[in-house]
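Below is final30.cif, which holds mmCIF, C-alpha atoms.
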data_my_file
#
loop_
_atom_site.label_atom_id
_atom_site.label_comp_id
_atom_site.auth_asym_id
_atom_site.auth_seq_id
_atom_site.Cartn_x
_atom_site.Cartn_y
_atom_site.Cartn_z
CA MET A 768 143.63 100.37 102.15
CA GLU A 769 144.78 99.26 98.67
CA ARG A 770 142.13 96.58 98.78
CA LEU A 771 139.53 99.25 99.36
CA ILE A 772 140.62 101.28 96.36
CA GLU A 773 140.61 98.13 94.22
CA GLU A 774 137.07 97.43 95.31
CA ILE A 775 135.65 100.84 94.41
CA PRO A 776 135.00 100.12 90.69
CA ASN A 777 133.38 96.81 91.62
CA PHE A 778 131.11 98.53 94.11
CA PHE A 779 129.92 101.48 92.06
CA THR A 780 128.44 99.47 89.24
CA TYR A 781 125.27 100.59 87.47
CA TRP A 782 123.10 98.01 89.23
CA ASN A 783 124.40 98.75 92.67
CA ILE A 784 123.82 102.45 92.19
CA ILE A 785 120.25 101.85 90.92
CA PHE A 786 119.69 99.54 93.88
CA LEU A 787 120.85 102.17 96.35
CA LEU A 788 118.87 104.97 94.71
CA LYS A 789 115.69 102.90 94.80
CA ALA A 790 116.28 102.18 98.47
CA MET A 791 116.79 105.90 99.00
CA GLY A 792 113.43 106.49 97.35
CA VAL A 793 111.80 104.03 99.74
CA THR A 794 113.33 105.86 102.71
CA LEU A 795 112.02 109.17 101.41
CA MET A 796 108.54 107.79 100.65
CA LEU A 797 108.29 106.15 104.05
CA THR A 798 109.14 109.38 105.82
CA LEU A 799 107.13 111.63 103.55
CA PHE A 800 103.88 109.66 103.69
CA GLY A 801 104.33 108.88 107.37
CA CYS A 802 104.77 112.54 108.19
CA ILE A 803 101.91 113.73 105.93
CA PHE A 804 99.51 111.29 107.61
CA GLY A 805 101.08 112.14 110.95
CA PHE A 806 100.47 115.81 110.31
CA ALA A 807 96.82 115.21 109.40
CA PHE A 808 96.13 113.02 112.44
CA GLY A 809 98.22 115.26 114.68
CA LEU A 810 96.08 118.19 113.60
CA ILE A 811 92.94 116.28 114.60
CA LEU A 812 94.53 115.33 117.91
CA ALA A 813 95.49 118.92 118.68
CA ILE A 814 92.00 120.18 117.76
CA VAL A 815 90.40 117.57 120.02
CA ARG A 816 92.83 118.33 122.83
CA LYS A 817 92.14 122.06 122.84
CA SER A 818 88.35 121.72 122.59
CA GLU A 819 86.38 122.84 125.63
CA ASN A 820 83.20 120.84 125.05
CA LYS A 821 82.35 118.61 128.02
CA LEU A 822 81.24 115.80 125.72
CA MET A 823 84.75 115.64 124.31
CA MET A 824 86.25 114.83 127.70
CA PRO A 825 86.84 111.08 127.10
CA LEU A 826 88.39 111.84 123.73
CA ARG A 827 90.67 114.42 125.33
CA ILE A 828 91.85 111.88 127.88
CA PHE A 829 92.46 109.41 125.08
CA VAL A 830 94.51 111.99 123.20
CA VAL A 831 96.64 112.75 126.27
CA PHE A 832 97.31 109.04 126.77
CA PHE A 833 98.03 108.49 123.10
CA THR A 834 100.60 111.27 122.88
CA GLU A 835 102.22 110.48 126.23
CA ILE A 836 102.53 106.79 125.33
CA PHE A 837 103.78 107.05 121.78
CA ARG A 838 106.31 109.72 122.61
CA ARG A 839 107.83 107.36 125.17
CA ILE A 840 108.18 104.15 123.20
CA PRO A 841 111.34 103.73 121.12
CA PHE A 842 110.69 103.55 117.39
CA LEU A 843 112.28 100.09 117.23
CA VAL A 844 109.89 98.70 119.85
CA THR A 845 106.89 100.32 118.14
CA LEU A 846 107.93 98.74 114.85
CA LEU A 847 108.27 95.28 116.36
CA LEU A 848 105.04 95.59 118.31
CA ILE A 849 103.08 96.65 115.21
CA PHE A 850 104.82 93.94 113.22
CA TYR A 851 103.77 91.19 115.63
CA VAL A 852 100.26 92.56 116.16
CA PHE A 853 99.76 92.56 112.40
CA GLN A 854 101.06 89.03 112.27
CA ILE A 855 98.40 87.94 114.74
CA PHE A 856 95.51 89.63 112.99
CA GLN A 857 96.97 88.83 109.57
CA ILE A 858 96.04 92.25 108.25
CA THR A 859 98.80 92.74 105.75
CA ASP A 860 102.13 91.18 104.95
CA SER A 861 103.60 94.30 103.37
CA LEU A 862 106.54 95.36 105.50
CA PHE A 863 106.39 98.83 104.01
CA VAL A 864 102.82 99.30 105.25
CA ILE A 865 103.79 98.10 108.72
CA ALA A 866 106.70 100.53 108.86
CA LEU A 867 104.47 103.29 107.47
CA ILE A 868 101.88 102.73 110.19
CA SER A 869 104.57 102.82 112.89
CA VAL A 870 105.95 106.06 111.47
CA CYS A 871 102.39 107.43 111.38
CA LEU A 872 101.72 106.59 115.02
CA ILE A 873 104.92 108.19 116.27
CA ALA A 874 104.61 111.17 113.93
CA THR A 875 101.01 111.72 115.03
CA ALA A 876 102.05 111.88 118.67
CA PHE A 877 105.01 114.21 118.09
CA ILE A 878 103.43 116.49 115.47
CA GLY A 879 100.24 116.66 117.53
CA GLU A 880 102.32 118.14 120.34
CA ILE A 881 103.99 120.58 117.96
CA ILE A 882 100.64 121.76 116.62
CA ARG A 883 99.20 122.07 120.11
CA SER A 884 102.10 124.22 121.26
CA GLY A 885 101.58 126.30 118.13
CA ILE A 886 97.93 126.82 119.05
CA GLU A 887 98.96 127.72 122.59
CA SER A 888 101.43 130.31 121.33
CA ILE A 889 98.49 132.53 120.34
CA ASN A 890 97.42 134.98 122.99
CA MET A 891 94.32 133.98 124.99
CA ALA A 892 92.82 137.44 124.40
CA GLN A 893 92.30 136.50 120.77
CA TRP A 894 90.27 133.47 121.81
CA ASP A 895 88.11 135.66 124.01
CA ALA A 896 87.68 138.25 121.30
CA ALA A 897 86.68 135.62 118.76
CA LYS A 898 84.27 134.02 121.23
CA ALA A 899 82.73 137.41 121.91
CA MET A 900 82.07 137.66 118.18
CA ASN A 901 80.17 134.37 118.40
CA PHE A 902 82.66 132.30 116.42
CA SER A 903 82.33 128.55 116.85
CA TYR A 904 85.36 126.56 118.05
CA LEU A 905 86.32 125.39 114.55
CA GLN A 906 85.76 128.87 113.15
CA ILE A 907 88.09 130.35 115.75
CA LEU A 908 90.76 127.83 114.80
CA LYS A 909 90.29 128.32 111.09
CA GLU A 910 89.88 132.09 110.95
CA VAL A 911 91.92 133.33 113.89
CA ILE A 912 94.36 130.80 115.32
CA PHE A 913 95.84 128.84 112.41
CA PRO A 914 96.56 131.81 110.13
CA GLN A 915 98.91 133.00 112.88
CA ALA A 916 99.99 129.71 114.40
CA TRP A 917 101.29 128.01 111.26
CA LYS A 918 104.42 130.14 111.51
CA VAL A 919 105.14 128.58 114.89
CA ILE A 920 104.11 125.10 113.78
CA LEU A 921 105.84 124.73 110.43
CA PRO A 922 109.56 124.98 111.34
CA PRO A 923 109.54 122.35 114.13
CA ALA A 924 107.20 120.10 112.13
CA PHE A 925 109.60 120.25 109.21
CA GLY A 926 112.47 119.59 111.63
CA PHE A 927 110.64 116.51 112.83
CA PHE A 928 110.25 115.34 109.24
CA ILE A 929 114.01 115.61 108.72
CA LEU A 930 114.62 113.82 112.02
CA PHE A 931 112.45 110.98 110.83
CA ILE A 932 114.36 110.52 107.58
CA LYS A 933 117.15 109.36 109.86
CA ASP A 934 114.98 107.42 112.29
CA THR A 935 113.46 105.30 109.52
CA ALA A 936 116.87 103.60 109.35
CA LEU A 937 115.46 101.42 112.14
CA ALA A 938 112.83 100.07 109.74
CA SER A 939 115.64 97.98 108.27
CA GLN A 940 115.29 95.76 111.32
CA ILE A 941 111.97 94.33 110.17
CA GLY A 942 113.24 94.07 106.63
CA VAL A 943 111.84 97.07 104.78
CA MET A 944 113.97 97.62 101.68
CA GLU A 945 115.19 101.06 102.60
CA LEU A 946 118.64 102.58 102.55
CA THR A 947 120.11 100.92 105.62
CA PHE A 948 118.75 97.52 104.66
CA ALA A 949 120.19 97.93 101.17
CA GLY A 950 123.52 98.65 102.85
CA LYS A 951 123.23 95.50 104.93
CA ILE A 952 122.48 93.43 101.81
CA LEU A 953 125.47 94.84 99.95
CA ASN A 954 127.64 94.22 103.01
CA ASN A 955 126.44 90.63 103.16
CA LYS A 956 127.31 90.25 99.48
CA GLY A 957 130.90 90.78 100.53
CA PHE A 958 131.59 94.43 99.84
CA SER A 959 133.78 96.18 102.34
CA PRO A 960 131.77 97.69 105.22
CA VAL A 961 133.83 100.87 104.97
CA LEU A 962 132.67 101.38 101.42
CA VAL A 963 129.08 100.25 101.95
CA PHE A 964 128.28 102.08 105.17
CA GLY A 965 130.38 105.05 104.08
CA SER A 966 128.24 105.46 100.97
CA ILE A 967 125.05 104.85 102.95
CA LEU A 968 126.06 107.63 105.32
CA ILE A 969 126.76 109.93 102.39
CA LEU A 970 123.43 109.08 100.74
CA TYR A 971 121.56 109.88 103.95
CA PHE A 972 123.52 113.10 104.12
CA ILE A 973 122.53 113.96 100.53
CA LEU A 974 118.90 113.31 101.43
CA SER A 975 118.85 115.17 104.70
CA PHE A 976 121.24 118.09 104.25
CA PRO A 977 119.35 120.10 101.56
CA LEU A 978 116.09 119.64 103.48
CA ASP A 979 117.81 120.72 106.68
CA ARG A 980 119.15 123.82 104.94
CA PHE A 981 115.72 124.53 103.48
CA GLY A 982 114.16 124.16 106.94
CA LYS A 983 116.64 126.63 108.43
CA TYR A 984 116.02 129.05 105.58
CA MET A 985 112.26 128.73 106.03
CA GLU A 986 112.61 129.29 109.76
CA ARG A 987 114.61 132.49 109.20
CA LYS A 988 112.19 133.71 106.55
CA ILE A 989 109.17 133.09 108.75
CA ALA A 990 110.82 134.45 111.88
CA SER A 991 111.68 137.73 110.13
CA GLY A 992 108.04 138.06 109.13
CA ARG A 993 106.94 137.92 112.75
CA ASN A 994 107.49 140.91 114.94
CA MET B 476 92.73 85.22 114.80
CA GLY B 477 93.42 82.12 116.79
CA TYR B 478 95.89 83.84 119.07
CA THR B 479 95.31 84.44 122.74
CA LEU B 480 97.47 86.75 124.76
CA ILE B 481 99.10 84.83 127.59
CA TYR B 482 100.99 87.16 129.88
CA SER B 483 101.54 84.54 132.59
CA GLN B 484 104.29 82.91 130.54
CA ILE B 485 106.49 85.96 130.72
CA TYR B 486 105.98 86.96 134.35
CA GLU B 487 109.16 85.17 135.33
CA PHE B 488 111.15 87.25 132.83
CA ILE B 489 110.09 90.64 134.15
CA PRO B 490 113.00 91.02 136.62
CA TYR B 491 115.34 90.05 133.78
CA LEU B 492 113.80 92.82 131.66
CA ILE B 493 114.08 95.34 134.47
CA TYR B 494 117.80 94.62 134.86
CA GLY B 495 117.98 95.20 131.13
CA ALA B 496 116.37 98.58 131.68
CA ILE B 497 119.18 99.42 134.12
CA ILE B 498 121.73 98.69 131.38
CA SER B 499 119.71 100.90 129.01
CA LEU B 500 119.82 103.71 131.54
CA GLN B 501 123.55 103.16 131.98
CA ILE B 502 124.12 103.61 128.24
CA ALA B 503 121.83 106.63 128.15
CA VAL B 504 123.46 108.37 131.13
CA LEU B 505 127.05 107.62 130.07
CA SER B 506 126.55 108.74 126.49
CA PHE B 507 124.50 111.76 127.54
CA PHE B 508 127.18 113.09 129.87
CA GLY B 509 129.94 112.15 127.43
CA GLY B 510 128.07 114.00 124.71
CA LEU B 511 127.36 116.91 127.04
CA PHE B 512 131.06 117.36 127.81
CA PHE B 513 132.22 116.89 124.22
CA GLY B 514 129.39 119.13 123.02
CA LEU B 515 130.45 121.79 125.52
CA VAL B 516 133.95 121.79 124.01
CA LEU B 517 132.49 122.04 120.51
CA ALA B 518 130.03 124.76 121.54
CA THR B 519 132.88 126.75 123.08
CA ILE B 520 134.86 126.47 119.85
CA ARG B 521 131.79 127.59 117.88
CA THR B 522 130.95 130.47 120.20
CA PHE B 523 134.44 131.97 120.11
CA SER B 524 134.88 130.98 116.41
CA LEU B 525 138.39 129.61 116.80
CA GLY B 526 139.66 129.63 113.20
CA ILE B 527 140.18 126.23 111.59
CA LEU B 528 138.80 124.38 114.62
CA ASP B 529 135.53 126.22 114.09
CA LYS B 530 135.30 124.97 110.49
CA ILE B 531 136.01 121.39 111.58
CA THR B 532 133.31 121.64 114.24
CA VAL B 533 130.78 122.91 111.70
CA VAL B 534 131.55 119.97 109.40
CA TYR B 535 131.36 117.54 112.32
CA VAL B 536 128.04 118.86 113.54
CA THR B 537 126.39 119.00 110.09
CA PHE B 538 127.61 115.50 109.28
CA PHE B 539 126.48 113.90 112.52
CA THR B 540 123.12 115.65 112.66
CA ASN B 541 122.31 114.75 109.05
CA THR B 542 123.02 111.02 109.15
CA PRO B 543 121.21 108.33 111.14
CA GLN B 544 122.66 107.23 114.42
CA LEU B 545 122.08 103.60 113.49
CA VAL B 546 124.26 103.81 110.39
CA GLN B 547 126.92 105.70 112.33
CA ILE B 548 127.09 102.84 114.81
CA TYR B 549 127.07 100.33 111.94
CA PHE B 550 130.05 102.15 110.56
CA LEU B 551 131.89 102.12 113.88
CA PHE B 552 131.06 98.50 114.50
CA PHE B 553 131.67 96.98 111.07
CA ALA B 554 134.03 99.37 109.33
CA LEU B 555 136.55 100.25 112.03
CA PRO B 556 137.85 96.64 112.30
CA GLU B 557 139.14 97.13 108.74
CA PHE B 558 141.49 99.72 110.19
CA GLY B 559 142.42 97.46 113.07
CA ILE B 560 140.18 98.98 115.72
CA MET B 561 137.91 96.38 117.29
CA LEU B 562 135.11 97.68 119.47
CA SER B 563 132.88 95.52 121.61
CA PRO B 564 129.15 96.00 120.84
CA PHE B 565 128.65 97.92 124.07
CA ASN B 566 131.59 100.24 123.39
CA ALA B 567 130.59 100.77 119.76
CA VAL B 568 127.08 101.78 120.79
CA LEU B 569 128.39 103.97 123.57
CA LEU B 570 130.89 105.69 121.27
CA GLY B 571 128.34 106.11 118.48
CA MET B 572 125.72 107.57 120.79
CA THR B 573 128.25 109.89 122.44
CA LEU B 574 129.51 111.23 119.12
CA ASN B 575 125.96 111.71 117.88
CA ALA B 576 124.82 113.33 121.12
CA ALA B 577 127.82 115.67 121.05
CA ALA B 578 126.69 117.10 117.72
CA TYR B 579 123.12 117.72 118.88
CA LEU B 580 124.11 118.94 122.34
CA CYS B 581 126.68 121.29 120.82
CA GLU B 582 123.89 123.01 118.90
CA ILE B 583 121.67 123.17 121.98
CA GLN B 584 124.43 124.55 124.20
CA ARG B 585 125.52 127.09 121.62
CA ALA B 586 121.98 128.43 121.47
CA GLY B 587 122.13 128.70 125.26
CA PHE B 588 125.41 130.62 125.17
CA LEU B 589 123.99 133.03 122.62
CA SER B 590 121.11 133.83 124.95
CA ILE B 591 123.50 135.68 127.28
CA ARG B 592 123.74 139.33 126.48
CA GLN B 593 126.91 141.35 126.72
CA GLU B 594 125.04 143.88 128.91
CA GLU B 595 124.57 141.30 131.63
CA LEU B 596 128.28 140.60 131.76
CA ASP B 597 129.06 144.31 131.75
CA ALA B 598 126.62 144.91 134.58
CA SER B 599 128.13 142.13 136.66
CA ARG B 600 131.61 143.50 136.01
CA THR B 601 130.44 146.92 137.15
CA LEU B 602 129.34 145.26 140.39
CA ASN B 603 132.96 144.10 140.76
CA PHE B 604 132.20 140.40 140.30
CA ASN B 605 135.27 138.34 139.55
CA ILE B 606 135.13 135.70 136.81
CA ILE B 607 134.08 132.88 139.15
CA GLN B 608 131.32 134.99 140.64
CA GLN B 609 130.20 135.97 137.15
CA VAL B 610 129.92 132.34 136.14
CA ARG B 611 128.30 131.35 139.41
CA TYR B 612 125.75 134.15 139.77
CA VAL B 613 125.14 135.45 136.26
CA ILE B 614 126.08 133.03 133.50
CA PHE B 615 125.22 129.68 135.05
CA PRO B 616 121.71 130.47 136.37
CA HIS B 617 120.78 132.17 133.14
CA ILE B 618 122.16 129.47 130.86
CA MET B 619 120.67 126.64 132.87
CA ARG B 620 117.23 128.17 132.78
CA VAL B 621 117.37 128.28 128.99
CA LEU B 622 119.27 125.02 128.51
CA PHE B 623 117.71 122.69 131.01
CA PRO B 624 114.41 121.98 129.18
CA PRO B 625 115.96 121.11 125.78
CA LEU B 626 118.74 119.12 127.47
CA SER B 627 116.31 117.04 129.48
CA ASN B 628 114.23 116.58 126.35
CA HIS B 629 117.27 115.26 124.55
CA TYR B 630 118.05 112.95 127.44
CA ILE B 631 114.60 111.38 127.08
CA LEU B 632 115.13 110.96 123.34
CA MET B 633 118.50 109.33 124.05
CA THR B 634 116.94 106.91 126.52
CA LEU B 635 114.64 105.83 123.71
CA GLY B 636 117.60 105.75 121.34
CA THR B 637 119.41 103.16 123.46
CA SER B 638 117.00 100.57 122.09
CA MET B 639 119.11 100.39 118.94
CA ALA B 640 121.91 98.85 120.99
CA ALA B 641 119.88 95.64 120.77
CA ILE B 642 120.66 95.45 117.06
CA PHE B 643 124.35 95.06 117.89
CA GLY B 644 123.72 92.40 120.50
CA VAL B 645 123.98 94.48 123.66
CA GLU B 646 121.73 92.89 126.25
CA GLU B 647 119.81 95.96 127.32
CA LEU B 648 116.05 96.23 127.57
CA THR B 649 115.20 95.64 123.91
CA GLY B 650 118.04 93.14 123.53
CA ARG B 651 116.69 91.11 126.42
CA ALA B 652 113.22 91.33 124.90
CA PHE B 653 114.71 89.79 121.74
CA ASN B 654 116.21 87.01 123.85
CA ILE B 655 112.94 86.21 125.58
CA ASN B 656 111.13 86.42 122.28
CA SER B 657 113.30 83.72 120.74
CA GLU B 658 112.80 81.61 123.84
CA THR B 659 109.03 81.80 124.31
CA PHE B 660 107.64 83.25 121.03
CA ARG B 661 105.21 85.39 123.03
CA SER B 662 106.15 88.36 120.86
CA VAL B 663 103.26 90.75 121.41
CA GLU B 664 103.24 90.19 125.17
CA ILE B 665 106.97 90.72 125.48
CA PHE B 666 107.18 93.81 123.35
CA SER B 667 104.15 95.38 125.00
CA VAL B 668 105.77 94.84 128.41
CA THR B 669 109.02 96.25 127.04
CA ALA B 670 107.16 99.30 125.74
CA LEU B 671 105.54 99.70 129.15
CA ILE B 672 108.93 99.62 130.88
CA TYR B 673 110.21 102.27 128.47
CA ILE B 674 107.16 104.41 129.22
CA VAL B 675 107.76 104.02 132.96
CA ILE B 676 111.48 104.79 132.90
CA THR B 677 111.08 107.82 130.67
CA PHE B 678 108.15 109.02 132.75
CA ILE B 679 110.21 108.77 135.94
CA ALA B 680 113.03 110.64 134.20
CA THR B 681 110.65 113.36 133.00
CA PHE B 682 109.19 113.71 136.47
CA PHE B 683 112.54 114.16 138.22
CA LEU B 684 113.92 116.39 135.50
CA ALA B 685 110.85 118.62 135.61
CA VAL B 686 111.00 118.87 139.40
CA MET B 687 114.73 119.57 139.26
CA GLY B 688 114.34 122.15 136.50
CA ARG B 689 111.61 123.98 138.33
CA TYR B 690 113.23 123.86 141.74
CA PHE B 691 116.86 124.58 140.90
CA PHE B 692 116.76 126.49 137.65
CA LYS B 693 113.29 128.06 137.62
CA ALA B 694 112.79 126.63 134.17
CA LYS B 695 109.27 126.36 132.81
CA MET B 696 108.75 122.61 132.64
CA ARG B 697 105.71 120.40 132.76
CA ILE B 698 105.49 116.72 133.60
CA ILE B 699 102.57 115.97 131.31
CA GLN B 700 102.86 118.15 128.27
#
Translate this file's structure into structure tokens.
Amino acid sequence: MERLIEEIPNFFTYWNIIFLLKAMGVTLMLTLFGCIFGFAFGLILAIVRKSENKLMMPLRIFVVFFTEIFRRIPFLVTLLLIFYVFQIFQITDSLFVIALISVCLIATAFIGEIIRSGIESINMAQWDAAKAMNFSYLQILKEVIFPQAWKVILPPAFGFFILFIKDTALASQIGVMELTFAGKILNNKGFSPVLVFGSILILYFILSFPLDRFGKYMERKIASGRN
Amino acid sequence: MGYTLIYSQIYEFIPYLIYGAIISLQIAVLSFFGGLFFGLVLATIRTFSLGILDKITVVYVTFFTNTPQLVQIYFLFFALPEFGIMLSPFNAVLLGMTLNAAAYLCEIQRAGFLSIRQEELDASRTLNFNIIQQVRYVIFPHIMRVLFPPLSNHYILMTLGTSMAAIFGVEELTGRAFNINSETFRSVEIFSVTALIYIVITFIATFFLAVMGRYFFKAKMRIIQ
């Protein structure tokens, strides 16, 4: 215990703190961009899935397979699979890009489901009414469904984003310089694991807690607006 | 390019991987039920707001739900030996996953408890139900109908979460995939087969959970979302 207290000033030096904060930034960027792309692709997936055009049938089947598959593969395995596939095709050697693409794939599958359930939360009568007014499929979504459905979509989508801040810790396994990997490096340099992983835990908490609070607040605010 | 997929080299390892999947399921089931029980205790404390215990539970739940499971297990595995507690990789993962699951399952179960209205209990008391009958005929069916879908959802997520045990050297599905990978270097083949096994085991779990939920608890559950 005394050894720990002696080590504290050595650990919290300027450079170590900068190092950790940068790693924290990488974690945040990875999650943020992954989830933004995931949201965009998930939106497309949900729109394709709910379309009723016969020509879209193969695409719909593809979407079902895509979501069912990527929601059932652990993030770690997805990361490694993408990592090795990229190695074969020699597309990029940036580990950040590889991790980002893995986050995107998983986020697309999960957020696509969230958006679809949001679309389904709107009463079928509204679809019929809009169709009776000769709205096209995209018009119905844009003018009728999404203005109401975003209230159902946003809270769980934001919750997923917060969940993924924590799941990106696994990206350390392929060597992305994010928070957990920074912790491993500092630990390998000889700092006490109590100190290193303790501060990593606290930094994740600092990152995730305000967002979590904000998500809960948003959920309450939106929920009170609905009848 | 210059890389051809050769699956025939890893056929012999498939039984080895499937035994790994059984260990994965073991970890998932043990930590799920451990977390379920511990979460039930925490949810009870939260529901009846038991003074200081309530505050501790709130801190516990916010801390564990806002930090990554991986780092929690890192902490248990690397930091606890400093205090003289040595955990084997398997036990560290099991403990980490149980503690993490307890926090999430506490929140889920508390939401389930809150879904019971006082009127229902009053009505059952008017019908002269004793406490066991109340739990058996009123509380349990109602709670399970609300709780079963999110609980089974969390179980699936935990099955996927067991893959991080590989990082600590537990020889479960992903850990065994690592082993084969370092033996044959057929990385893409191995990890695609591993992914397939994960898809199959979670699909089987979803199927049985959905059937169970519909049959026993009349919960609205679908096999393919």
I would like the residues chosen by the PyMOL selection byres ((chain A) within 8 of (chain B)) on the shown file; could you give them as a PyMOL selection string?
chain A and resi 835-836+839-845+847-848+851-852+855-857+880+933-934+936-937+940+947+959-961+964-965+967-969+971-972+975-976+979
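Distance-wise, CA of Ile878 (chain A) and CA of Glu647 (chain B) end up 28.8 Å apart.
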How far is it from CA of Ala577 (chain B) to CA of Leu596 (chain B), in Å with one decimal?
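CA of Ala577 (chain B) sits 27.1 Å away from CA of Leu596 (chain B).
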Near Glu646 (chain B), counting only C-alpha atoms, which residues have an atom at most 12 Å away, once you skip same-chain residues fewer than 2 positions from it, shown as a PyMOL selection string?
chain B and resi 491-499+501-502+564-565+568+637-644+648-655
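Going from CA of Leu570 (chain B) to CA of Ala503 (chain B) covers 11.4 Å.
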Give me the residues near Gln584 (chain B) as JSON, numbers by chain, where near means some atom within 7 Å (using all atoms listed in the file) and where sequence neighbours in that chain fewer than 3 positions away do not count.
{"B": [515, 518, 580, 581, 587, 588, 622]}
Can you list what the PyMOL selection byres ((chain B and resi 520-525) around 12) grabs from this structure, as a PyMOL selection string?
chain B and resi 513-519+526-536+578+581-591
Might you pull out every residue within 12 Å of Phe800 (chain A), with all atoms listed in the file counted and same-chain residues fewer than 2 positions away left off, and present them as JSON, numbers by chain?
{"A": [792, 793, 794, 795, 796, 797, 798, 802, 803, 804, 805, 806, 807, 863, 864, 866, 867, 868, 869, 870, 871, 872, 874, 875, 928, 931, 932]}
Measuring atom to atom with all atoms listed in the file, identify which of B:Phe512, B:Phe488, B:Phe691, B:Phe604 is nearest to Ala576 (chain B).
B:Phe512
